[in-house]
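Data file: final.txt. Format and content: compact mmCIF, C-alpha atoms.
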# COMPACT_ATOMS: atom_id res chain seq x y z
CA MET S 17 0.00 0.00 0.00
CA VAL S 18 1.48 3.36 -1.06
CA ARG S 19 0.42 6.79 0.13
CA ALA S 20 0.07 9.17 -2.83
CA ASN S 21 -1.91 12.35 -3.44
CA GLY S 22 -3.54 12.12 -0.03
CA ILE S 23 -4.91 8.58 -0.39
CA THR S 24 -3.59 5.02 -0.11
CA LEU S 25 -3.25 3.11 -3.37
CA HIS S 26 -2.98 -0.67 -3.57
CA THR S 27 0.16 -1.15 -5.65
CA GLN S 28 2.27 -4.01 -6.93
CA ARG S 29 5.76 -3.71 -8.32
CA LEU S 30 7.34 -6.50 -10.37
CA ASP S 31 11.10 -6.39 -10.80
CA PRO S 32 12.59 -8.17 -13.82
CA PRO S 33 14.09 -11.55 -12.88
CA GLY S 34 16.97 -11.01 -15.30
CA PRO S 35 18.71 -8.23 -17.24
CA ALA S 36 16.73 -5.15 -18.19
CA VAL S 37 15.41 -5.02 -21.73
CA ASP S 38 17.83 -3.43 -24.23
CA GLY S 39 16.48 0.04 -24.86
CA ARG S 40 19.04 0.85 -27.57
CA THR S 41 17.89 4.49 -27.59
CA GLY S 42 18.05 5.09 -23.83
CA PRO S 43 17.20 3.68 -20.39
CA THR S 44 14.69 0.87 -20.03
CA PRO S 45 11.18 2.28 -19.53
CA THR S 46 9.16 1.32 -16.49
CA ALA S 47 5.89 -0.28 -17.61
CA VAL S 48 2.92 1.20 -15.76
CA LEU S 49 -0.37 -0.65 -16.23
CA ILE S 50 -3.60 1.28 -15.62
CA HIS S 51 -6.91 -0.56 -15.44
CA GLY S 52 -10.36 0.59 -16.51
CA MET S 53 -13.17 2.32 -14.68
CA ALA S 54 -15.90 0.96 -12.40
CA SER S 55 -15.81 -2.84 -12.75
CA ASP S 56 -12.08 -3.27 -13.40
CA THR S 57 -9.03 -3.66 -11.12
CA MET S 58 -5.32 -4.18 -11.64
CA ALA S 59 -6.00 -7.94 -11.73
CA SER S 60 -6.97 -7.63 -15.42
CA TRP S 61 -3.38 -6.62 -16.19
CA TYR S 62 -1.71 -8.94 -13.68
CA PHE S 63 -3.04 -12.04 -15.39
CA THR S 64 -2.44 -10.84 -18.95
CA LEU S 65 0.61 -8.60 -19.47
CA ALA S 66 2.27 -7.67 -16.17
CA GLU S 67 4.30 -10.83 -15.70
CA PRO S 68 5.28 -11.15 -19.39
CA LEU S 69 6.53 -7.55 -19.37
CA SER S 70 8.51 -8.15 -16.20
CA ARG S 71 9.99 -11.40 -17.53
CA ALA S 72 11.02 -9.55 -20.70
CA GLY S 73 13.05 -7.09 -18.62
CA PHE S 74 10.68 -4.21 -17.89
CA PRO S 75 10.34 -2.91 -14.33
CA THR S 76 6.56 -3.10 -13.95
CA VAL S 77 4.07 -1.21 -11.76
CA LEU S 78 0.37 -1.97 -11.30
CA TYR S 79 -2.11 -0.26 -9.03
CA ASP S 80 -5.81 -0.07 -8.21
CA LEU S 81 -7.30 3.30 -9.12
CA ARG S 82 -8.86 5.36 -6.35
CA GLY S 83 -12.24 3.89 -5.46
CA HIS S 84 -11.33 0.51 -6.96
CA GLY S 85 -10.01 -2.78 -5.62
CA ARG S 86 -8.13 -2.38 -2.38
CA SER S 87 -7.29 1.31 -2.83
CA ASP S 88 -8.96 4.02 -0.76
CA ARG S 89 -12.45 5.09 -1.77
CA PRO S 90 -12.90 8.78 -0.97
CA ALA S 91 -16.39 10.16 -1.49
CA THR S 92 -15.20 12.77 -3.99
CA GLY S 93 -12.22 13.39 -6.27
CA TYR S 94 -13.07 11.48 -9.47
CA ALA S 95 -12.32 13.90 -12.26
CA LEU S 96 -9.71 12.96 -14.86
CA ASP S 97 -7.22 15.35 -13.27
CA ASP S 98 -7.55 13.49 -9.95
CA PHE S 99 -6.61 10.19 -11.58
CA VAL S 100 -3.67 11.81 -13.40
CA ASP S 101 -2.56 13.45 -10.14
CA ASP S 102 -2.71 10.04 -8.43
CA LEU S 103 -0.48 8.50 -11.11
CA ALA S 104 2.07 11.30 -10.90
CA ALA S 105 2.16 11.12 -7.10
CA LEU S 106 2.43 7.32 -7.13
CA LEU S 107 5.44 7.42 -9.46
CA ALA S 108 7.09 10.00 -7.21
CA ALA S 109 6.39 7.91 -4.09
CA LEU S 110 7.91 4.85 -5.79
CA ASP S 111 10.91 6.93 -6.97
CA VAL S 112 10.24 6.04 -10.61
CA THR S 113 12.19 8.77 -12.37
CA GLY S 114 13.05 7.36 -15.80
CA PRO S 115 11.04 6.94 -18.99
CA LEU S 116 7.61 5.31 -18.87
CA LEU S 117 5.73 2.83 -20.99
CA LEU S 118 2.08 3.49 -20.14
CA LEU S 119 -0.48 0.76 -20.80
CA GLY S 120 -4.16 1.46 -20.24
CA ASN S 121 -7.29 -0.65 -20.52
CA SER S 122 -10.48 1.25 -21.38
CA PHE S 123 -10.51 4.46 -19.30
CA GLY S 124 -7.04 3.53 -18.04
CA GLY S 125 -5.82 4.47 -21.50
CA THR S 126 -7.46 7.87 -21.15
CA ILE S 127 -5.55 8.40 -17.91
CA ALA S 128 -2.35 7.44 -19.75
CA PHE S 129 -3.02 10.02 -22.46
CA GLY S 130 -3.89 12.60 -19.80
CA TYR S 131 -0.57 12.00 -18.05
CA ALA S 132 1.35 12.15 -21.35
CA ALA S 133 -0.31 15.46 -22.24
CA ARG S 134 1.14 16.91 -19.03
CA HIS S 135 4.50 15.13 -19.13
CA PRO S 136 5.32 14.27 -22.77
CA GLU S 137 9.03 14.13 -21.97
CA ARG S 138 8.49 11.23 -19.54
CA VAL S 139 6.54 8.90 -21.82
CA ALA S 140 8.40 6.57 -24.18
CA GLY S 141 5.31 4.79 -25.46
CA ILE S 142 1.58 4.35 -24.92
CA VAL S 143 -0.45 1.16 -25.39
CA THR S 144 -4.22 1.26 -25.00
CA VAL S 145 -6.86 -1.43 -25.24
CA GLU S 146 -10.39 -0.32 -26.14
CA SER S 147 -9.71 3.31 -25.27
CA ALA S 148 -9.18 6.83 -26.59
CA PRO S 149 -7.57 10.08 -25.47
CA PRO S 150 -9.74 12.46 -23.42
CA ILE S 151 -11.60 13.90 -26.39
CA PRO S 152 -15.23 15.10 -26.26
CA GLU S 153 -16.79 12.16 -28.13
CA TRP S 154 -15.09 9.57 -25.92
CA MET S 155 -16.09 11.43 -22.76
CA ARG S 156 -19.67 11.62 -24.04
CA ARG S 157 -19.67 7.85 -24.36
CA VAL S 158 -18.19 7.50 -20.87
CA ARG S 159 -21.00 9.67 -19.50
CA GLU S 160 -23.69 7.60 -21.22
CA ARG S 161 -22.13 4.32 -20.11
CA LEU S 162 -21.89 5.39 -16.48
CA ALA S 163 -25.48 6.65 -16.55
CA ARG S 164 -26.74 3.33 -17.93
CA VAL S 165 -24.86 1.33 -15.33
CA ALA S 166 -25.97 3.61 -12.49
CA ALA S 167 -29.60 3.27 -13.58
CA ARG S 168 -29.49 -0.50 -14.07
CA LEU S 169 -27.60 -1.88 -11.08
CA PRO S 170 -29.95 -0.64 -8.31
CA ARG S 171 -32.89 -2.49 -9.90
CA GLU S 172 -34.08 -5.53 -7.99
CA GLY S 173 -32.51 -8.70 -9.38
CA ALA S 174 -30.06 -6.89 -11.66
CA VAL S 175 -26.92 -8.33 -10.09
CA THR S 176 -28.45 -11.82 -9.97
CA GLU S 177 -29.33 -11.57 -13.65
CA ILE S 178 -25.76 -10.61 -14.50
CA GLY S 179 -24.54 -13.65 -12.55
CA VAL S 180 -26.88 -15.97 -14.46
CA ARG S 181 -25.77 -14.63 -17.83
CA ARG S 182 -22.07 -14.00 -17.21
CA GLY S 183 -21.04 -15.92 -14.11
CA ARG S 184 -20.17 -15.38 -10.46
CA VAL S 185 -17.15 -13.11 -11.01
CA ALA S 186 -19.17 -10.76 -13.21
CA ALA S 187 -21.88 -10.60 -10.54
CA GLN S 188 -19.32 -9.76 -7.86
CA ARG S 189 -17.89 -6.98 -10.02
CA ALA S 190 -21.37 -5.62 -10.71
CA ALA S 191 -22.17 -5.54 -7.00
CA GLU S 192 -18.90 -3.75 -6.25
CA THR S 193 -19.56 -1.26 -9.05
CA HIS S 194 -22.99 -0.54 -7.55
CA ARG S 195 -21.41 0.14 -4.17
CA MET S 196 -18.78 2.42 -5.68
CA LEU S 197 -21.31 4.46 -7.65
CA SER S 198 -23.48 4.74 -4.55
CA ASP S 199 -20.61 5.75 -2.25
CA THR S 200 -18.86 8.28 -4.52
CA THR S 201 -19.44 11.12 -6.95
CA LEU S 202 -17.71 9.26 -9.80
CA GLU S 203 -20.80 9.22 -12.02
CA GLN S 204 -21.12 13.00 -11.78
CA GLU S 205 -17.47 14.06 -11.67
CA LEU S 206 -15.83 11.94 -14.33
CA PRO S 207 -18.02 12.97 -17.30
CA ALA S 208 -17.72 16.63 -16.26
CA SER S 209 -13.92 16.51 -16.17
CA PRO S 210 -12.02 19.45 -17.68
CA LEU S 211 -10.19 18.04 -20.69
CA PRO S 212 -6.59 18.72 -21.74
CA PRO S 213 -6.32 21.23 -24.59
CA ALA S 214 -6.32 19.55 -27.99
CA GLU S 215 -2.89 21.03 -28.69
CA ALA S 216 -1.47 19.38 -25.55
CA LEU S 217 -2.78 15.99 -26.68
CA ALA S 218 -1.51 16.55 -30.22
CA ALA S 219 1.94 17.34 -28.80
CA ILE S 220 2.30 13.77 -27.48
CA GLY S 221 5.15 12.58 -29.63
CA CYS S 222 5.84 9.04 -28.45
CA PRO S 223 4.79 5.92 -30.37
CA VAL S 224 1.19 4.86 -29.69
CA LEU S 225 -0.51 1.49 -30.13
CA CYS S 226 -4.32 1.27 -29.90
CA LEU S 227 -5.98 -2.16 -29.82
CA TYR S 228 -9.70 -2.55 -30.46
CA GLY S 229 -12.24 -5.33 -30.66
CA GLY S 230 -13.79 -5.50 -34.10
CA ASP S 231 -17.29 -5.88 -32.63
CA SER S 232 -16.88 -3.06 -30.10
CA ALA S 233 -18.29 0.40 -30.69
CA VAL S 234 -15.05 1.93 -29.39
CA VAL S 235 -13.28 1.08 -32.66
CA GLU S 236 -15.40 3.83 -34.26
CA LEU S 237 -13.08 6.32 -32.53
CA ALA S 238 -9.92 5.02 -34.24
CA PRO S 239 -10.00 7.59 -37.11
CA GLU S 240 -10.31 10.46 -34.64
CA VAL S 241 -7.39 9.09 -32.60
CA ARG S 242 -5.24 8.80 -35.73
CA ALA S 243 -6.15 12.32 -36.82
CA LEU S 244 -5.06 13.65 -33.43
CA LEU S 245 -1.95 11.45 -33.13
CA PRO S 246 -0.81 10.39 -36.62
CA GLN S 247 1.92 8.15 -35.22
CA THR S 248 -0.73 5.81 -33.79
CA ARG S 249 -0.80 2.22 -34.93
CA VAL S 250 -4.29 0.71 -34.78
CA GLU S 251 -4.81 -3.03 -34.51
CA VAL S 252 -8.31 -4.52 -34.63
CA LEU S 253 -9.01 -8.00 -33.26
CA PRO S 254 -11.91 -9.44 -35.26
CA ASP S 255 -15.02 -10.76 -33.51
CA GLN S 256 -14.01 -9.23 -30.17
CA ARG S 257 -15.84 -6.82 -27.90
CA HIS S 258 -14.79 -4.46 -25.09
CA THR S 259 -13.36 -7.32 -22.99
CA VAL S 260 -10.67 -8.16 -25.54
CA LEU S 261 -7.84 -7.89 -22.97
CA ILE S 262 -9.35 -10.70 -20.90
CA ASP S 263 -10.78 -12.72 -23.78
CA ARG S 264 -7.72 -12.71 -26.07
CA PRO S 265 -4.65 -12.18 -23.86
CA GLN S 266 -2.23 -14.16 -26.02
CA GLU S 267 -3.06 -12.15 -29.12
CA VAL S 268 -2.86 -8.89 -27.17
CA ARG S 269 0.60 -9.90 -25.89
CA ARG S 270 1.76 -10.80 -29.39
CA LEU S 271 0.68 -7.46 -30.83
CA VAL S 272 2.13 -5.44 -27.95
CA PHE S 273 5.54 -7.10 -28.05
CA ALA S 274 5.78 -6.91 -31.83
CA TRP S 275 5.02 -3.18 -31.63
CA LEU S 276 7.57 -2.66 -28.84
CA ALA S 277 10.27 -4.22 -30.98
CA GLU S 278 9.36 -2.35 -34.17
CA SER S 279 8.12 1.06 -33.05
CA CYS S 280 9.90 1.59 -29.74
CA SER S 281 13.28 0.05 -30.74
CA LEU S 282 13.19 -2.29 -27.75
CA ASP S 283 14.80 -5.71 -27.83
CA VAL S 284 12.01 -7.92 -26.52
CA THR S 285 13.08 -11.13 -28.16
CA GLN S 286 13.15 -12.79 -24.72
CA SER S 287 9.46 -12.83 -25.33
CA THR S 288 6.17 -13.73 -24.01
CA THR S 289 4.09 -16.42 -25.44
CA ALA S 290 3.37 -17.74 -21.94
Do you think you could lay out the structure here as C-alpha cells?
Amino acid sequence: MVRANGITLHTQRLDPPGPAVDGRTGPTPTAVLIHGMASDTMASWYFTLAEPLSRAGFPTVLYDLRGHGRSDRPATGYALDDFVDDLAALLAALDVTGPLLLLGNSFGGTIAFGYAARHPERVAGIVTVESAPPIPEWMRRVRERLARVAARLPREGAVTEIGVRRGRVAAQRAAETHRMLSDTTLEQELPASPLPPAEALAAIGCPVLCLYGGDSAVVELAPEVRALLPQTRVEVLPDQRHTVLIDRPQEVRRLVFAWLAESCSLDVTQSTTA
C-alpha cells in the first residue's frame, strides 16, 4: 500500500528476474499498467501482461485506481485530473524517475493520455486497449455508459441476472460497481472533467498502439485518434468486444511485443508467449 496524493493506493511492483530489456535508444522504460473504470481492477493486467513484461526485462508497476479494488475510496475526487494526479504522485512515491511505458485498458488508456499530455518528456510509449484520449466524443460515451450502469444496477434482481448470464465473477464486479457508484461522486465528476487542450494531446510525440475489438463500438473512434496522433498504430481484433484484454490475452501480448520491438526500438526477443 502506497500513500500518494492524499490517499492510499494498492500497488504491486514487479522487478525483472533477469537483465533489463535493451532500450538501444536510452534507459529501459518502467511499464505502468492502468486498469479501466468501475468494474475493473489491476487484476486484469496482472493475469495478462504484467508478468510477461517483467519477464522480458521491464520494471513493472500496477495499481488499483482510487475507489477501486483495495485502494482508498474517498467520497469525492473522481475527475480525470484526480486520476492523473494520483499516477504522478504514485510514481514520485515509488521513486520512478526514468522513462515510462504506459499501458491502459479502457478508461485507463485515457488516464495514460492525460498523463502524457502533461509530461510528454516522460513517456516513451503508450499502449491502449479499447480506449481513446480524453476527447469530447469519448467522454460523451463514458458519460452515457456510467449513466446506464448507475440506472441498471440498483434495480431488484439486476446483479443476480448478471450472474446468471455472465457468471459469479461478473456478478461480484457488478455488486462492487454498484457500491462504488453509490458511495462516490464518480458518475457526476468523471463525465464533467475538464479536458486537456487539444494542442497538448496533439503534442504527445511518443509511439502509440491502440488495440480494439472488431465488434466493439469503441473502434469507431480510431479515425479520430489517428487524426489527433498520426503516429498511432491501430490493430483490430476481429469478432471481439470491449473485454478483448481478458478474452484474447495471447493475441494482445503478441501485438504489444511486436510493436515494442518495431516502433519503440526495444529488444524484446526474450518474449512472451506464456
Pick from S:Ala54, S:Leu30, S:Ala66, S:Leu49 nearest to Tyr79 (chain S), counting all atoms listed in the file: S:Leu49
For region 106-122 of chain S: contacts at 7 Å, all atoms listed in the file, fewer than 2 positions along chain excluded, given as a PyMOL selection string: chain S and resi 20+45-52+102-104+124-125+128+138-147
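When all atoms listed in the file are used to measure the gap to Ala243 (chain S), the shortest distance among S:Ala187, S:Val100, S:Ile151, S:Ala133 belongs to S:Ile151.
The smallest atom-to-atom distance between Asp231 (chain S) and any of S:Glu203, S:Pro254, S:Asp98, S:Trp275, using all atoms listed in the file, is found for S:Pro254.
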Counting only C-alpha atoms, the option among S:Arg182, S:His135, S:Ala174, S:Ser209 closest to Arg159 (chain S): S:Ser209
Write out as a tab-separated table a residue-level contact list of region 105-204 of chain S versus region 83-90 of chain S with cut-off 9 Å: for each qualifying residue the closest pair of atoms and the distance in Å to one decimal, counting only C-alpha atoms, rows sorted by chain and residue number upward.
residue	atom	partner	partner_atom	distance
S:Glu192	CA	S:His84	CA	8.7
S:Thr193	CA	S:His84	CA	8.7
S:Met196	CA	S:Gly83	CA	6.7
S:Asp199	CA	S:Arg89	CA	8.2
S:Thr200	CA	S:Pro90	CA	7.0
S:Leu202	CA	S:Gly83	CA	8.8
Would you mind completing region 187-199 of chain S so that it carries N, CA, C and O atoms, and writing it out as a short mmCIF file (atom, residue, chain, number, x, y, z; two decimals), in the frame of the given file?
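Wrote it out as selection.cif, contents follow:
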data_model
loop_
_atom_site.label_atom_id
_atom_site.label_comp_id
_atom_site.auth_asym_id
_atom_site.auth_seq_id
_atom_site.Cartn_x
_atom_site.Cartn_y
_atom_site.Cartn_z
N ALA S 187 -20.91 -11.07 -11.53
CA ALA S 187 -21.88 -10.60 -10.54
C ALA S 187 -21.19 -9.88 -9.39
O ALA S 187 -21.68 -8.84 -8.91
N GLN S 188 -20.07 -10.42 -8.94
CA GLN S 188 -19.32 -9.76 -7.86
C GLN S 188 -18.84 -8.38 -8.30
O GLN S 188 -18.92 -7.41 -7.53
N ARG S 189 -18.36 -8.27 -9.52
CA ARG S 189 -17.89 -6.98 -10.02
C ARG S 189 -19.05 -6.00 -10.15
O ARG S 189 -18.91 -4.81 -9.87
N ALA S 190 -20.20 -6.49 -10.59
CA ALA S 190 -21.37 -5.62 -10.71
C ALA S 190 -21.80 -5.10 -9.35
O ALA S 190 -22.13 -3.91 -9.20
N ALA S 191 -21.79 -5.98 -8.34
CA ALA S 191 -22.17 -5.54 -7.00
C ALA S 191 -21.19 -4.52 -6.46
O ALA S 191 -21.59 -3.52 -5.82
N GLU S 192 -19.91 -4.71 -6.72
CA GLU S 192 -18.90 -3.75 -6.25
C GLU S 192 -19.03 -2.42 -6.99
O GLU S 192 -18.87 -1.35 -6.40
N THR S 193 -19.34 -2.49 -8.29
CA THR S 193 -19.56 -1.26 -9.05
C THR S 193 -20.75 -0.49 -8.50
O THR S 193 -20.70 0.75 -8.37
N HIS S 194 -21.81 -1.19 -8.14
CA HIS S 194 -22.99 -0.54 -7.55
C HIS S 194 -22.62 0.17 -6.26
O HIS S 194 -23.02 1.33 -6.04
N ARG S 195 -21.83 -0.49 -5.43
CA ARG S 195 -21.41 0.14 -4.17
C ARG S 195 -20.56 1.38 -4.43
O ARG S 195 -20.74 2.41 -3.78
N MET S 196 -19.65 1.28 -5.39
CA MET S 196 -18.78 2.42 -5.68
C MET S 196 -19.59 3.61 -6.21
O MET S 196 -19.38 4.75 -5.78
N LEU S 197 -20.50 3.37 -7.11
CA LEU S 197 -21.31 4.46 -7.65
C LEU S 197 -22.23 5.06 -6.59
O LEU S 197 -22.55 6.25 -6.65
N SER S 198 -22.63 4.24 -5.63
CA SER S 198 -23.48 4.74 -4.55
C SER S 198 -22.69 5.55 -3.53
O SER S 198 -23.20 6.51 -2.94
N ASP S 199 -21.42 5.16 -3.32
CA ASP S 199 -20.61 5.75 -2.25
C ASP S 199 -19.82 6.98 -2.70
O ASP S 199 -19.25 7.68 -1.85
#
